[in-house]
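One structure is given below, encoded as structure tokens.
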Amino acid sequence: MNFNEIYWISFQDNIDDRGRLTAIEESTHIPFKIKRIFYVHNVKPDTDRGGHAHYDTDQVITAVGGALKVDVSDGKDTKTYILNSPDKGIFVPKMYWIRLYDFQDNGICLVFASTLYDIKKSYRTWEDYLSARNLSSTRS
């Protein structure tokens, strides 16, 4: 695993004097068949979301309103992405630990996922994730 697998995606953004329309298309912007779409909103201050890793789900994450931070970890290193524009998102492949936090200005996080949700197909504790990655139990 390396952080080159995670990359920014620019969506089709159309702006004119009437406003803004952003289009997101499977195969054009999303590099997988979309099986699930969900959004995270009304997050209370100082509250984290995510805090898990999927072993079979790729995701594209964007902020469609406000802003938020996303920490992505491979178990050794962590990189922080600031999502604050609805015309771009980040592609995060399976087996990365994701934490969503610091939701600002009524931040709304929209996620496109490559699989249907199954809690049994995710690592819900940091220790289980590190064990699956054959890493020692240290926080990055």
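By order of appearance in the structure tokens: chains A, B, ..., then residues from 1 within every chain, and ligands from 1 in the order shown.
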
What are the closest atom pairs, with distances in Å to one decimal, for each residue of segment 99-121 of chain A lying within 6 Å of segment 38-54 of chain A, using only C-alpha atoms, rows by chain and rising residue number, as JSON lines?
{"residue": "A:Arg99", "atom": "CA", "partner": "A:Gly50", "partner_atom": "CA", "distance": 4.8}
{"residue": "A:Leu100", "atom": "CA", "partner": "A:Arg49", "partner_atom": "CA", "distance": 4.9}
{"residue": "A:Tyr101", "atom": "CA", "partner": "A:Asp48", "partner_atom": "CA", "distance": 4.7}
{"residue": "A:Ile108", "atom": "CA", "partner": "A:His41", "partner_atom": "CA", "distance": 4.7}
{"residue": "A:Cys109", "atom": "CA", "partner": "A:Val40", "partner_atom": "CA", "distance": 5.0}
{"residue": "A:Leu110", "atom": "CA", "partner": "A:Tyr39", "partner_atom": "CA", "distance": 4.3}
{"residue": "A:Val111", "atom": "CA", "partner": "A:Phe38", "partner_atom": "CA", "distance": 5.4}

For the residues in that selection, give me C-alpha atoms as an mmCIF file, in the first residue's frame.
data_model
loop_
_atom_site.group_PDB
_atom_site.id
_atom_site.type_symbol
_atom_site.label_atom_id
_atom_site.label_comp_id
_atom_site.auth_asym_id
_atom_site.auth_seq_id
_atom_site.Cartn_x
_atom_site.Cartn_y
_atom_site.Cartn_z
ATOM 1 C CA ARG A 99 -11.570 9.160 9.880
ATOM 2 C CA LEU A 100 -13.895 12.091 9.040
ATOM 3 C CA TYR A 101 -13.765 15.072 11.383
ATOM 4 C CA ILE A 108 -21.976 17.534 4.278
ATOM 5 C CA CYS A 109 -19.876 14.570 3.207
ATOM 6 C CA LEU A 110 -21.071 12.526 0.226
ATOM 7 C CA VAL A 111 -19.584 9.071 -0.389
#

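Of all the residues in chain A, the ones DSSP labels as alpha helix (DSSP H) from the backbone are A:Trp126, A:Glu127, A:Asp128, A:Tyr129, A:Leu130, A:Ser131, A:Ala132.
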
*Shell around Trp126 of chain A at 10 Å using only C-alpha atoms, local window under 4 positions removed, as an MDAnalysis selection string*: chainID A and resid 51:53 75 97 130:132 137:139

Selection from above, C-alpha atoms, as a PDB file, in the first residue's frame, can you write it?
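Printed below is selection-v2.pdb as written:
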ATOM      1  CA  GLY A  51     -13.075   5.275  12.244  1.00  0.00           C
ATOM      2  CA  HIS A  52     -12.884   2.017  10.319  1.00  0.00           C
ATOM      3  CA  ALA A  53     -11.503   0.340   7.193  1.00  0.00           C
ATOM      4  CA  GLY A  75      -1.481   1.718   9.639  1.00  0.00           C
ATOM      5  CA  TRP A  97      -8.401   3.417   7.705  1.00  0.00           C
ATOM      6  CA  LEU A 130      -3.300  -3.377  12.330  1.00  0.00           C
ATOM      7  CA  SER A 131      -3.488  -7.124  12.841  1.00  0.00           C
ATOM      8  CA  ALA A 132      -4.969  -7.576   9.352  1.00  0.00           C
ATOM      9  CA  SER A 137      -0.119  -1.653  17.632  1.00  0.00           C
ATOM     10  CA  THR A 138       1.098   1.932  17.417  1.00  0.00           C
ATOM     11  CA  ARG A 139      -0.801   5.032  16.394  1.00  0.00           C
TER      12      ARG A 139
END

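You will find atom CA of Leu21 of chain A at 14.9 Å from atom CA of Thr62 of chain A.
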
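With atom CA of Lys121 of chain A on one side and atom CA of Ile98 of chain A on the other, the separation reads 14.6 Å.
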
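Residue nearest Glu26 of chain A within the list A:Phe103, A:Tyr96, A:Phe3, A:Phe112: A:Phe112 [criterion: smallest interatomic distance, only C-alpha atoms].
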
*asked:* Please list as a PyMOL selection string every residue within 12 Å of Ile61 of chain A, counting only C-alpha atoms and excluding residues in the same chain fewer than 6 positions away.
replied: chain A and resi 6-11+24+29-30+37-40+50+67-72+81-93+98-100+108-114

*Run DSSP on the backbone and give me the residues of segment 36-97 of chain A it puts in strand (DSSP E), as a ChimeraX atom specification.*
/A:36-40,49-54,59-73,78-83,88-92,97

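In this model, the gap between atom CA of Ser73 of chain A and atom CA of Met95 of chain A comes to 9.1 Å.
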